[in-house]
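J.: Below is the file coords-v4.tsv, which contains TSV, C-alpha atoms.
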```tsv
chain	number	residue	atom	x	y	z
A	165	MET	CA	0.00	0.00	0.00
A	166	LYS	CA	1.20	3.50	-0.81
A	167	VAL	CA	0.53	5.87	2.10
A	168	LEU	CA	0.95	9.64	2.16
A	169	VAL	CA	1.87	10.83	5.67
A	170	THR	CA	1.75	14.57	6.28
A	171	GLY	CA	3.86	15.95	9.09
A	172	ALA	CA	6.29	13.09	8.52
A	173	ALA	CA	9.12	14.79	10.43
A	174	GLY	CA	6.84	15.34	13.41
A	175	PHE	CA	6.51	13.41	16.64
A	176	ILE	CA	3.65	11.14	15.55
A	177	GLY	CA	4.27	11.30	11.79
A	178	SER	CA	7.81	10.02	12.02
A	179	ALA	CA	6.88	7.17	14.37
A	180	LEU	CA	3.99	6.19	12.08
A	181	SER	CA	6.23	6.27	8.99
A	182	ILE	CA	8.67	3.88	10.64
A	183	ARG	CA	5.88	1.42	11.50
A	184	LEU	CA	4.36	1.55	8.01
A	185	LEU	CA	7.74	0.99	6.37
A	186	ALA	CA	8.48	-1.91	8.72
A	187	ARG	CA	5.36	-3.74	7.59
A	188	GLY	CA	6.17	-3.24	3.90
A	189	ASP	CA	4.17	-0.19	2.89
A	190	GLU	CA	5.52	2.53	0.63
A	191	VAL	CA	5.48	5.90	2.40
A	192	ILE	CA	5.51	9.39	0.91
A	193	GLY	CA	6.19	11.91	3.66
A	194	ILE	CA	5.69	15.67	3.51
A	195	ASP	CA	6.70	18.25	6.10
A	196	ASN	CA	7.37	21.98	5.94
A	197	HIS	CA	10.15	21.83	8.56
A	198	ASN	CA	9.01	25.12	10.11
A	199	ASP	CA	10.74	26.63	13.11
A	200	TYR	CA	7.85	26.46	15.58
A	201	TYR	CA	10.41	24.42	17.50
A	202	ASN	CA	14.01	23.45	16.77
A	203	PRO	CA	14.08	22.04	13.20
A	204	GLN	CA	17.11	19.93	14.14
A	205	LEU	CA	14.86	17.63	16.15
A	206	LYS	CA	12.71	17.14	13.06
A	207	ALA	CA	15.80	16.37	11.00
A	208	ASP	CA	16.99	13.86	13.59
A	209	ARG	CA	13.62	12.12	13.71
A	210	LEU	CA	13.56	11.98	9.92
A	211	ALA	CA	17.10	10.57	9.80
A	212	ARG	CA	15.71	7.33	11.26
A	213	HIS	CA	13.79	6.52	8.09
A	214	ILE	CA	14.61	8.97	5.28
A	215	ASP	CA	17.06	6.55	3.63
A	216	HIS	CA	14.63	3.63	3.59
A	217	PRO	CA	14.22	2.40	-0.01
A	218	HIS	CA	10.43	2.68	0.21
A	219	TYR	CA	10.37	6.17	1.70
A	220	THR	CA	10.14	9.42	-0.29
A	221	HIS	CA	10.35	12.78	1.44
A	222	VAL	CA	8.92	16.05	0.17
A	223	ARG	CA	9.63	19.38	1.79
A	224	GLY	CA	6.49	21.41	1.30
A	225	ASP	CA	3.60	23.17	2.97
A	226	LEU	CA	-0.02	22.01	3.09
A	227	ALA	CA	-1.14	25.61	2.55
A	228	ASP	CA	0.69	25.67	-0.83
A	229	ARG	CA	-2.07	24.68	-3.23
A	230	ALA	CA	0.15	23.97	-6.24
A	231	CYS	CA	2.54	21.90	-4.13
A	232	MET	CA	-0.29	19.74	-2.81
A	233	GLU	CA	-1.91	19.30	-6.22
A	234	ASN	CA	1.39	18.14	-7.70
A	235	LEU	CA	2.13	15.87	-4.73
A	236	PHE	CA	-1.12	13.95	-5.15
A	237	LYS	CA	-0.89	13.89	-8.94
A	238	ASP	CA	2.72	12.65	-8.96
A	239	THR	CA	2.53	10.07	-6.15
A	240	LYS	CA	-1.07	8.77	-6.36
A	241	PRO	CA	-1.29	7.49	-2.76
A	242	ASN	CA	-3.81	4.76	-1.92
A	243	ARG	CA	-4.44	6.16	1.54
A	244	VAL	CA	-3.57	9.34	3.43
A	245	VAL	CA	-2.81	10.08	7.09
A	246	ASN	CA	-2.92	13.81	7.83
A	247	LEU	CA	-0.85	14.59	10.92
A	248	ALA	CA	0.50	17.97	9.78
A	249	ALA	CA	-0.95	20.91	11.67
A	250	GLN	CA	0.07	23.99	13.52
A	251	ALA	CA	0.13	22.58	17.03
A	252	GLY	CA	-0.17	24.11	20.47
A	253	VAL	CA	-3.16	25.52	22.33
A	254	ARG	CA	-1.38	28.50	23.88
A	255	TYR	CA	0.41	29.44	20.65
A	256	SER	CA	-2.99	29.72	18.96
A	257	ILE	CA	-3.93	32.56	21.30
A	258	GLU	CA	-1.00	34.68	20.08
A	259	ASN	CA	-0.75	33.48	16.46
A	260	PRO	CA	-4.24	32.57	15.23
A	261	LEU	CA	-3.54	33.00	11.51
A	262	ALA	CA	-0.91	30.25	11.56
A	263	TYR	CA	-3.75	27.87	12.46
A	264	ILE	CA	-6.03	29.17	9.74
A	265	ASP	CA	-3.34	28.57	7.09
A	266	SER	CA	-2.23	25.12	8.18
A	267	ASN	CA	-5.22	23.56	9.87
A	268	LEU	CA	-7.98	24.91	7.64
A	269	VAL	CA	-6.53	25.90	4.25
A	270	GLY	CA	-4.03	23.06	4.34
A	271	PHE	CA	-6.67	20.52	5.29
A	272	GLY	CA	-8.84	21.75	2.44
A	273	HIS	CA	-5.99	20.97	0.05
A	274	ILE	CA	-5.71	17.47	1.54
A	275	LEU	CA	-9.42	16.86	0.98
A	276	GLU	CA	-9.21	18.09	-2.61
A	277	GLY	CA	-6.19	15.89	-3.27
A	278	CYS	CA	-8.04	12.85	-1.95
A	279	ARG	CA	-11.17	13.70	-3.92
A	280	HIS	CA	-9.42	14.06	-7.28
A	281	ASN	CA	-7.04	11.12	-6.95
A	282	ASN	CA	-9.29	8.27	-5.84
A	283	VAL	CA	-7.84	7.96	-2.35
A	284	GLU	CA	-9.36	4.97	-0.55
A	285	HIS	CA	-9.29	6.39	2.97
A	286	LEU	CA	-8.28	9.63	4.67
A	287	VAL	CA	-7.34	9.37	8.34
A	288	TYR	CA	-6.65	12.67	10.08
A	289	ALA	CA	-5.63	13.89	13.50
A	290	SER	CA	-8.27	15.64	15.51
A	291	SER	CA	-7.73	16.37	19.20
A	292	SER	CA	-9.17	15.87	22.68
A	293	SER	CA	-9.21	19.68	22.86
A	294	VAL	CA	-12.43	19.67	20.80
A	295	TYR	CA	-14.30	18.72	23.98
A	296	GLY	CA	-13.69	22.28	25.19
A	297	SER	CA	-16.14	23.27	27.90
A	298	ASN	CA	-17.64	19.77	28.23
A	299	THR	CA	-17.57	18.47	31.79
A	300	LYS	CA	-19.25	15.07	31.40
A	301	MET	CA	-16.58	12.40	31.85
A	302	PRO	CA	-15.30	10.35	30.18
A	303	PHE	CA	-15.40	12.34	26.94
A	304	SER	CA	-17.47	10.43	24.40
A	305	VAL	CA	-17.41	10.81	20.62
A	306	HIS	CA	-21.21	10.69	20.80
A	307	ASP	CA	-21.37	13.93	22.80
A	308	ASN	CA	-21.86	17.41	21.36
A	309	VAL	CA	-18.57	19.33	20.98
A	310	ASN	CA	-19.68	22.80	19.93
A	311	HIS	CA	-17.92	24.86	22.60
A	312	PRO	CA	-14.15	24.90	21.93
A	313	VAL	CA	-12.06	27.12	24.20
A	314	SER	CA	-9.12	27.72	21.82
A	315	LEU	CA	-8.75	28.38	18.11
A	316	TYR	CA	-6.63	25.24	17.85
A	317	ALA	CA	-9.59	23.21	19.11
A	318	ALA	CA	-11.95	25.06	16.79
A	319	THR	CA	-9.81	24.21	13.75
A	320	LYS	CA	-9.80	20.53	14.73
A	321	LYS	CA	-13.57	20.52	15.07
A	322	ALA	CA	-13.76	22.29	11.70
A	323	ASN	CA	-11.62	19.52	10.15
A	324	GLU	CA	-14.18	16.95	11.28
A	325	LEU	CA	-16.99	18.96	9.67
A	326	MET	CA	-15.03	19.58	6.46
A	327	ALA	CA	-14.26	15.87	6.21
A	328	HIS	CA	-17.94	15.02	6.62
A	329	SER	CA	-18.92	17.24	3.71
A	330	TYR	CA	-16.44	15.39	1.46
A	331	SER	CA	-17.62	12.01	2.73
A	332	HIS	CA	-21.20	13.08	1.93
A	333	LEU	CA	-20.59	14.74	-1.44
A	334	TYR	CA	-17.87	12.54	-2.91
A	335	LYS	CA	-18.21	9.30	-0.90
A	336	LEU	CA	-14.64	9.76	0.36
A	337	PRO	CA	-14.12	7.54	3.44
A	338	THR	CA	-12.72	9.72	6.23
A	339	THR	CA	-11.89	8.97	9.86
A	340	GLY	CA	-10.97	11.56	12.47
A	341	LEU	CA	-8.94	10.55	15.51
A	342	ARG	CA	-9.16	12.58	18.69
A	343	PHE	CA	-5.75	12.09	20.31
A	344	PHE	CA	-5.40	12.47	24.06
A	345	THR	CA	-2.13	13.99	25.38
A	346	VAL	CA	0.47	11.98	23.47
A	347	TYR	CA	3.87	11.47	25.14
A	348	GLY	CA	7.01	9.40	24.63
A	349	PRO	CA	10.46	9.43	22.99
A	350	TRP	CA	11.06	12.06	20.28
A	351	ASP	CA	8.19	14.27	21.46
A	352	ARG	CA	8.04	18.02	20.87
A	353	PRO	CA	10.13	20.36	23.05
A	354	ASP	CA	7.15	22.70	23.46
A	355	MET	CA	5.13	19.94	25.11
A	356	ALA	CA	4.91	19.80	28.89
A	357	LEU	CA	6.93	16.62	29.33
A	358	GLN	CA	10.08	17.90	27.63
A	359	LYS	CA	9.72	21.26	29.34
A	360	PHE	CA	9.45	19.54	32.71
A	361	ALA	CA	12.41	17.25	32.05
A	362	GLN	CA	14.63	20.10	30.86
A	363	ALA	CA	13.75	22.20	33.90
A	364	ILE	CA	14.36	19.38	36.37
A	365	VAL	CA	17.80	18.41	35.01
A	366	ASN	CA	18.80	22.10	34.92
A	367	ASP	CA	17.57	22.81	38.49
A	368	LYS	CA	14.91	25.24	37.30
A	369	PRO	CA	11.32	25.39	38.58
A	370	ILE	CA	8.53	23.82	36.57
A	371	SER	CA	5.24	25.67	36.11
A	372	LEU	CA	2.21	23.67	37.21
A	373	PHE	CA	-0.88	25.40	35.88
A	374	ASN	CA	-4.21	24.96	37.64
A	375	TYR	CA	-2.01	24.40	40.71
A	376	GLY	CA	-1.14	20.93	39.45
A	377	ASN	CA	-4.75	19.76	39.54
A	378	HIS	CA	-5.01	18.99	35.84
A	379	ARG	CA	-5.94	15.43	34.98
A	380	ARG	CA	-4.84	14.11	31.60
A	381	ASP	CA	-5.39	10.89	29.70
A	382	PHE	CA	-1.69	10.51	28.87
A	383	THR	CA	-1.32	8.24	25.83
A	384	TYR	CA	1.98	6.66	24.80
A	385	ILE	CA	3.23	7.23	21.26
A	386	ASP	CA	3.30	3.53	20.31
A	387	ASP	CA	-0.32	3.15	21.38
A	388	ILE	CA	-1.29	6.12	19.21
A	389	VAL	CA	0.54	4.69	16.18
A	390	GLU	CA	-1.06	1.27	16.66
A	391	GLY	CA	-4.47	2.91	16.76
A	392	VAL	CA	-3.79	4.95	13.62
A	393	ILE	CA	-2.69	1.87	11.68
A	394	ARG	CA	-5.72	-0.16	12.74
A	395	VAL	CA	-8.03	2.64	11.67
A	396	LEU	CA	-6.13	3.18	8.41
A	397	ASP	CA	-6.63	-0.47	7.50
A	398	LYS	CA	-10.39	-0.25	8.00
A	399	PRO	CA	-11.86	2.51	5.80
A	400	ALA	CA	-14.86	4.28	7.27
A	401	GLN	CA	-18.24	2.83	6.34
A	402	PRO	CA	-21.69	4.42	6.46
A	403	ASN	CA	-23.72	3.76	9.58
A	404	LEU	CA	-26.87	2.20	8.13
A	405	GLU	CA	-28.75	2.83	11.39
A	406	TRP	CA	-27.91	6.58	11.47
A	407	ASN	CA	-31.03	8.68	11.95
A	408	GLY	CA	-31.32	12.42	11.35
A	409	ASN	CA	-34.01	12.72	14.01
A	410	ASN	CA	-31.50	11.55	16.61
A	411	PRO	CA	-28.13	12.20	14.94
A	412	ASP	CA	-25.09	10.33	16.24
A	413	SER	CA	-22.06	12.65	16.48
A	414	ALA	CA	-19.51	9.90	15.80
A	415	SER	CA	-20.89	8.35	12.62
A	416	SER	CA	-23.00	9.18	9.60
A	417	TYR	CA	-25.05	7.92	6.68
A	418	ALA	CA	-21.85	8.87	4.80
A	419	PRO	CA	-18.53	6.95	5.13
A	420	TRP	CA	-17.34	9.13	8.04
A	421	ARG	CA	-16.23	8.17	11.55
A	422	ILE	CA	-14.74	9.73	14.68
A	423	TYR	CA	-12.78	7.86	17.37
A	424	ASN	CA	-11.05	8.76	20.60
A	425	ILE	CA	-7.56	7.34	21.08
A	426	GLY	CA	-6.66	7.76	24.73
A	427	ASN	CA	-5.33	5.70	27.59
A	428	ASN	CA	-8.78	5.62	29.26
A	429	ASN	CA	-7.09	6.24	32.61
A	430	PRO	CA	-6.70	9.91	33.60
A	431	VAL	CA	-3.70	10.78	35.76
A	432	GLU	CA	-3.28	13.88	37.93
A	433	LEU	CA	-0.52	16.15	36.72
A	434	LYS	CA	1.15	15.86	40.14
A	435	ASP	CA	1.37	12.07	39.71
A	436	TYR	CA	2.70	12.51	36.17
A	437	ILE	CA	5.45	14.72	37.59
A	438	SER	CA	6.18	12.11	40.26
A	439	ALA	CA	6.64	9.44	37.58
A	440	LEU	CA	9.04	11.76	35.73
A	441	GLU	CA	10.97	12.52	38.94
A	442	GLN	CA	11.29	8.82	39.67
A	443	ALA	CA	12.51	8.03	36.14
A	444	LEU	CA	15.02	10.91	36.23
A	445	GLY	CA	16.08	10.19	39.80
A	446	LYS	CA	15.68	13.86	40.70
A	447	GLU	CA	13.02	15.97	42.40
A	448	ALA	CA	11.40	18.93	40.67
A	449	LYS	CA	11.12	22.48	41.97
A	450	LYS	CA	7.49	23.44	41.49
A	451	GLU	CA	5.81	26.78	40.82
A	452	MET	CA	2.03	26.63	41.26
A	453	LEU	CA	0.05	28.83	38.85
A	454	PRO	CA	-3.65	29.34	37.95
A	455	LEU	CA	-5.41	27.80	34.97
A	456	GLN	CA	-4.16	29.15	31.63
A	457	PRO	CA	-6.55	30.61	29.02
A	458	GLY	CA	-7.53	27.93	26.49
A	459	ASP	CA	-6.66	25.03	28.81
A	460	VAL	CA	-9.10	22.24	29.65
A	461	PRO	CA	-8.79	21.13	33.30
A	462	ASP	CA	-9.36	17.41	32.69
A	463	THR	CA	-9.36	14.95	29.79
A	464	TYR	CA	-10.60	11.37	29.93
A	465	ALA	CA	-11.26	9.30	26.82
A	466	ASP	CA	-14.17	6.94	26.35
A	467	VAL	CA	-12.69	4.39	23.93
A	468	GLU	CA	-15.61	1.96	23.71
A	469	ASP	CA	-16.08	2.59	19.97
A	470	LEU	CA	-12.38	1.92	19.31
A	471	VAL	CA	-12.60	-1.37	21.21
A	472	ARG	CA	-15.85	-2.38	19.49
A	473	ASP	CA	-14.87	-1.52	15.91
A	474	LEU	CA	-11.11	-2.06	15.92
A	475	GLY	CA	-10.58	-4.50	18.79
A	476	TYR	CA	-8.00	-2.17	20.27
A	477	LYS	CA	-7.35	-0.23	23.45
A	478	PRO	CA	-4.14	1.61	24.45
A	479	GLN	CA	-2.15	-0.38	27.02
A	480	MET	CA	1.11	1.31	28.01
A	481	GLN	CA	1.52	1.85	31.75
A	482	LEU	CA	2.69	5.34	32.70
A	483	SER	CA	5.73	4.13	34.64
A	484	GLU	CA	7.04	2.14	31.66
A	485	GLY	CA	6.24	4.85	29.14
A	486	MET	CA	7.95	7.46	31.29
A	487	LYS	CA	11.07	5.29	31.62
A	488	ASN	CA	11.22	4.94	27.84
A	489	PHE	CA	10.93	8.70	27.45
A	490	VAL	CA	13.66	9.42	30.00
A	491	ASP	CA	16.01	6.86	28.43
A	492	TRP	CA	15.59	8.65	25.09
A	493	PHE	CA	15.79	12.12	26.66
A	494	LYS	CA	19.06	11.38	28.40
A	495	GLY	CA	20.56	9.79	25.30
A	496	TYR	CA	19.48	12.60	22.98
A	497	TYR	CA	20.05	15.69	25.11
A	498	MET	CA	22.55	14.67	27.76
A	499	GLU	CA	24.77	12.00	26.19
A	500	GLY	CA	24.43	12.28	22.43
A	501	LYS	CA	25.07	16.02	22.12
```
What does this structure look like when you write it as structure tokens?
T.:
Amino acid sequence: MKVLVTGAAGFIGSALSIRLLARGDEVIGIDNHNDYYNPQLKADRLARHIDHPHYTHVRGDLADRACMENLFKDTKPNRVVNLAAQAGVRYSIENPLAYIDSNLVGFGHILEGCRHNNVEHLVYASSSSVYGSNTKMPFSVHDNVNHPVSLYAATKKANELMAHSYSHLYKLPTTGLRFFTVYGPWDRPDMALQKFAQAIVNDKPISLFNYGNHRRDFTYIDDIVEGVIRVLDKPAQPNLEWNGNNPDSASSYAPWRIYNIGNNNPVELKDYISALEQALGKEAKKEMLPLQPGDVPDTYADVEDLVRDLGYKPQMQLSEGMKNFVDWFKGYYMEGK
């Protein structure tokens, strides 16, 4: 199978590319290598698979219409996984137009590429942030998500709606995956885990927003990749029981689906820090701060649909996942540089 992976130099995109190549797929990766964080990390992730004989890398931007048209026309992928996006909730408060360009315009180009090139299935990253002001736990894909609290979240919700219109109009199978707080080796330096680890090893205080009372459904990178692959291999199908009088938010009369991929086990931020301290063998200095604008206090994924339809549920224990992260962190930042 020929798979186009966008954001292929990113945290999830690179890990997914490696798994797809390992099972024998041909992968075309695209990434714009922007400087939202250190591009060297992207280059180092990419170095793990860029020389694979079945991997082709394109340096380009989803918002570049001509680039995307040519990419689809020249490579003719069977399936597409869209992981490229301008990330970061807090960054979206200061730089909203970056999200419009990448997450909306860019996604539109992905949909058009799929439409005109007979793509069998588009899988795309949504986010747990779409649950916004919802307080009913665990978060279910069948619940209404019309109250985002950041532009980042709003763009992810918009992606789900845009995908539905293409599934309806052009019968393009699309599946959106709401990821819940992904962590693990090779993660982004702007994410909390790397920030915490850097601060601890450098004897600097870490900022615990909401006074450390956040709860997050921390999901290990390998569990995310496994979920993506299982979904990719099962193109979305219409729900023949869907009823417009009582519309289900996670499925449709069109070939369109939404799934949560989360660990289904929320952990308090304070316990997450404790696991990091234990893995590093060093205690953190903590600075307690109030809730940040755009932040959601708690996330907790209901993954019943994922279990029912794909026979899969994330499994990694936090202690083991944290040890794997710290082993990589020490090797990459403290020993290998």
J.: Which polymer residues, protein or nucleic acid, are no farther than 8 Å from (-16.5, 15.1, 12.4), counting only C-alpha atoms, as a PDB file with C-alpha atoms, in the frame of the given file?
T.:
```pdb
ATOM      1  CA  LYS A 321     -13.570  20.520  15.070  1.00  0.00           C
ATOM      2  CA  ALA A 322     -13.760  22.290  11.700  1.00  0.00           C
ATOM      3  CA  ASN A 323     -11.620  19.520  10.150  1.00  0.00           C
ATOM      4  CA  GLU A 324     -14.180  16.950  11.280  1.00  0.00           C
ATOM      5  CA  LEU A 325     -16.990  18.960   9.670  1.00  0.00           C
ATOM      6  CA  MET A 326     -15.030  19.580   6.460  1.00  0.00           C
ATOM      7  CA  ALA A 327     -14.260  15.870   6.210  1.00  0.00           C
ATOM      8  CA  HIS A 328     -17.940  15.020   6.620  1.00  0.00           C
ATOM      9  CA  GLY A 340     -10.970  11.560  12.470  1.00  0.00           C
ATOM     10  CA  SER A 413     -22.060  12.650  16.480  1.00  0.00           C
ATOM     11  CA  ALA A 414     -19.510   9.900  15.800  1.00  0.00           C
ATOM     12  CA  TRP A 420     -17.340   9.130   8.040  1.00  0.00           C
ATOM     13  CA  ARG A 421     -16.230   8.170  11.550  1.00  0.00           C
ATOM     14  CA  ILE A 422     -14.740   9.730  14.680  1.00  0.00           C
TER      15      ILE A 422
END
```
J.: Pick out the residues sitting within 10 Å of Asp397 of chain A, and hand them over as a PyMOL selection string; count all atoms listed in the file, and ignore anything fewer than 2 positions along from it in its own chain.
T.: chain A and resi 243+285+287+392-395+399-400+474
J.: Hey, can you check how far atom CA of Ala361 of chain A sits from atom CA of Asn427 of chain A?
T.: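 A separation of 21.6 Å between them.
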J.: Could you tell me how far atom CA of Leu341 of chain A sits from atom CA of Tyr423 of chain A, in Å to one decimal place?
T.: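 If I compute the distance from atom CA of Tyr423 of chain A to atom CA of Leu341 of chain A, I get 5.0 Å.
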J.: If I take atom CA of Ser314 of chain A and atom CA of Val244 of chain A, how far is one from the other in Å, to one decimal?
T.: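 So the two atoms, atom CA of Ser314 of chain A and atom CA of Val244 of chain A, lie 26.6 Å apart.
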J.: Pick out the closest residue to Ser293 of chain A from this set: A:Arg342, A:Lys446, A:Lys237, A:His378. Count all atoms listed in the file.
T.: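 Smallest distance to Ser293 of chain A is found for A:Arg342.
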J.: Residues within 12 Å of segment 295-301 of chain A, please, as JSON, numbers by chain. Count all atoms listed in the file; anything in the same chain fewer than 6 positions from it doesn't count.
T.: {"A": [253, 307, 308, 309, 310, 311, 312, 313, 314, 315, 316, 317, 318, 320, 321, 342, 343, 344, 379, 380, 381, 424, 428, 429, 430, 457, 458, 459, 460, 461, 462, 463, 464, 465, 466, 467]}
J.: Leaving out Tyr497 of chain A and any residue of its chain fewer than 4 positions from it, which residues lie within 12 Å of it when counting all atoms listed in the file, given as a list in words?
T.: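 Those residues are Leu205, Pro349, Trp350, Pro353, Gln358, Ala361, Gln362, Val365, Asn366, Phe489, Val490, Asp491, Trp492, Phe493 and Lys501 of chain A.
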J.: With only C-alpha atoms as the counted atoms, please give the residues lying no more than 8 Å from Pro478 of chain A, apart from itself and same-chain residues fewer than 4 positions off, as a PyMOL selection string.
T.: chain A and resi 383-384+387-388+391+425-428
J.: Once you've located segment 210-218 of chain A in the structure I gave, write it as a PDB file, in the first residue's frame, keeping all heavy atoms.
T.:
```pdb
ATOM      1  N   LEU A 210      13.650  12.398  11.320  1.00  0.00           N
ATOM      2  CA  LEU A 210      13.562  11.980   9.925  1.00  0.00           C
ATOM      3  C   LEU A 210      14.738  11.092   9.535  1.00  0.00           C
ATOM      4  O   LEU A 210      14.589  10.181   8.711  1.00  0.00           O
ATOM      5  CB  LEU A 210      13.516  13.224   9.045  1.00  0.00           C
ATOM      6  CG  LEU A 210      13.060  13.074   7.598  1.00  0.00           C
ATOM      7  CD1 LEU A 210      11.668  12.458   7.520  1.00  0.00           C
ATOM      8  CD2 LEU A 210      13.077  14.435   6.911  1.00  0.00           C
ATOM      9  N   ALA A 211      15.897  11.346  10.135  1.00  0.00           N
ATOM     10  CA  ALA A 211      17.103  10.566   9.804  1.00  0.00           C
ATOM     11  C   ALA A 211      16.914   9.080  10.076  1.00  0.00           C
ATOM     12  O   ALA A 211      17.618   8.245   9.501  1.00  0.00           O
ATOM     13  CB  ALA A 211      18.302  11.095  10.592  1.00  0.00           C
ATOM     14  N   ARG A 212      15.943   8.737  10.928  1.00  0.00           N
ATOM     15  CA  ARG A 212      15.714   7.334  11.259  1.00  0.00           C
ATOM     16  C   ARG A 212      15.108   6.546  10.103  1.00  0.00           C
ATOM     17  O   ARG A 212      15.203   5.322  10.062  1.00  0.00           O
ATOM     18  CB  ARG A 212      14.793   7.215  12.486  1.00  0.00           C
ATOM     19  CG  ARG A 212      15.341   7.875  13.744  1.00  0.00           C
ATOM     20  CD  ARG A 212      14.365   7.748  14.902  1.00  0.00           C
ATOM     21  NE  ARG A 212      13.104   8.441  14.645  1.00  0.00           N
ATOM     22  CZ  ARG A 212      11.993   8.264  15.368  1.00  0.00           C
ATOM     23  NH1 ARG A 212      11.979   7.380  16.357  1.00  0.00           N
ATOM     24  NH2 ARG A 212      10.904   8.951  15.080  1.00  0.00           N
ATOM     25  N   HIS A 213      14.473   7.269   9.149  1.00  0.00           N
ATOM     26  CA  HIS A 213      13.792   6.522   8.089  1.00  0.00           C
ATOM     27  C   HIS A 213      13.920   7.141   6.697  1.00  0.00           C
ATOM     28  O   HIS A 213      13.436   6.570   5.722  1.00  0.00           O
ATOM     29  CB  HIS A 213      12.312   6.346   8.429  1.00  0.00           C
ATOM     30  CG  HIS A 213      11.556   7.623   8.700  1.00  0.00           C
ATOM     31  ND1 HIS A 213      10.954   8.362   7.715  1.00  0.00           N
ATOM     32  CD2 HIS A 213      11.307   8.278   9.861  1.00  0.00           C
ATOM     33  CE1 HIS A 213      10.357   9.423   8.249  1.00  0.00           C
ATOM     34  NE2 HIS A 213      10.560   9.395   9.560  1.00  0.00           N
ATOM     35  N   ILE A 214      14.601   8.292   6.571  1.00  0.00           N
ATOM     36  CA  ILE A 214      14.615   8.971   5.278  1.00  0.00           C
ATOM     37  C   ILE A 214      15.362   8.178   4.207  1.00  0.00           C
ATOM     38  O   ILE A 214      15.074   8.316   3.004  1.00  0.00           O
ATOM     39  CB  ILE A 214      15.206  10.404   5.409  1.00  0.00           C
ATOM     40  CG1 ILE A 214      14.866  11.232   4.165  1.00  0.00           C
ATOM     41  CG2 ILE A 214      16.707  10.362   5.686  1.00  0.00           C
ATOM     42  CD1 ILE A 214      15.140  12.714   4.324  1.00  0.00           C
ATOM     43  N   ASP A 215      16.291   7.327   4.610  1.00  0.00           N
ATOM     44  CA  ASP A 215      17.063   6.554   3.634  1.00  0.00           C
ATOM     45  C   ASP A 215      16.437   5.197   3.323  1.00  0.00           C
ATOM     46  O   ASP A 215      17.013   4.405   2.562  1.00  0.00           O
ATOM     47  CB  ASP A 215      18.498   6.353   4.139  1.00  0.00           C
ATOM     48  CG  ASP A 215      19.271   7.663   4.185  1.00  0.00           C
ATOM     49  OD1 ASP A 215      19.015   8.533   3.325  1.00  0.00           O
ATOM     50  OD2 ASP A 215      20.129   7.823   5.078  1.00  0.00           O
ATOM     51  N   HIS A 216      15.288   4.908   3.888  1.00  0.00           N
ATOM     52  CA  HIS A 216      14.627   3.633   3.594  1.00  0.00           C
ATOM     53  C   HIS A 216      14.252   3.594   2.114  1.00  0.00           C
ATOM     54  O   HIS A 216      13.769   4.580   1.558  1.00  0.00           O
ATOM     55  CB  HIS A 216      13.379   3.492   4.464  1.00  0.00           C
ATOM     56  CG  HIS A 216      12.800   2.114   4.470  1.00  0.00           C
ATOM     57  ND1 HIS A 216      12.107   1.587   3.399  1.00  0.00           N
ATOM     58  CD2 HIS A 216      12.815   1.139   5.427  1.00  0.00           C
ATOM     59  CE1 HIS A 216      11.707   0.362   3.689  1.00  0.00           C
ATOM     60  NE2 HIS A 216      12.121   0.067   4.921  1.00  0.00           N
ATOM     61  N   PRO A 217      14.474   2.463   1.444  1.00  0.00           N
ATOM     62  CA  PRO A 217      14.221   2.399  -0.008  1.00  0.00           C
ATOM     63  C   PRO A 217      12.766   2.641  -0.402  1.00  0.00           C
ATOM     64  O   PRO A 217      12.493   2.974  -1.563  1.00  0.00           O
ATOM     65  CB  PRO A 217      14.671   0.984  -0.390  1.00  0.00           C
ATOM     66  CG  PRO A 217      14.716   0.210   0.902  1.00  0.00           C
ATOM     67  CD  PRO A 217      15.056   1.204   1.954  1.00  0.00           C
ATOM     68  N   HIS A 218      11.835   2.476   0.539  1.00  0.00           N
ATOM     69  CA  HIS A 218      10.430   2.681   0.210  1.00  0.00           C
ATOM     70  C   HIS A 218       9.885   3.982   0.789  1.00  0.00           C
ATOM     71  O   HIS A 218       8.666   4.148   0.885  1.00  0.00           O
ATOM     72  CB  HIS A 218       9.589   1.491   0.709  1.00  0.00           C
ATOM     73  CG  HIS A 218       9.900   0.214   0.001  1.00  0.00           C
ATOM     74  ND1 HIS A 218       9.874  -1.020   0.615  1.00  0.00           N
ATOM     75  CD2 HIS A 218      10.282  -0.027  -1.293  1.00  0.00           C
ATOM     76  CE1 HIS A 218      10.220  -1.958  -0.250  1.00  0.00           C
ATOM     77  NE2 HIS A 218      10.461  -1.373  -1.415  1.00  0.00           N
TER      78      HIS A 218
END
```
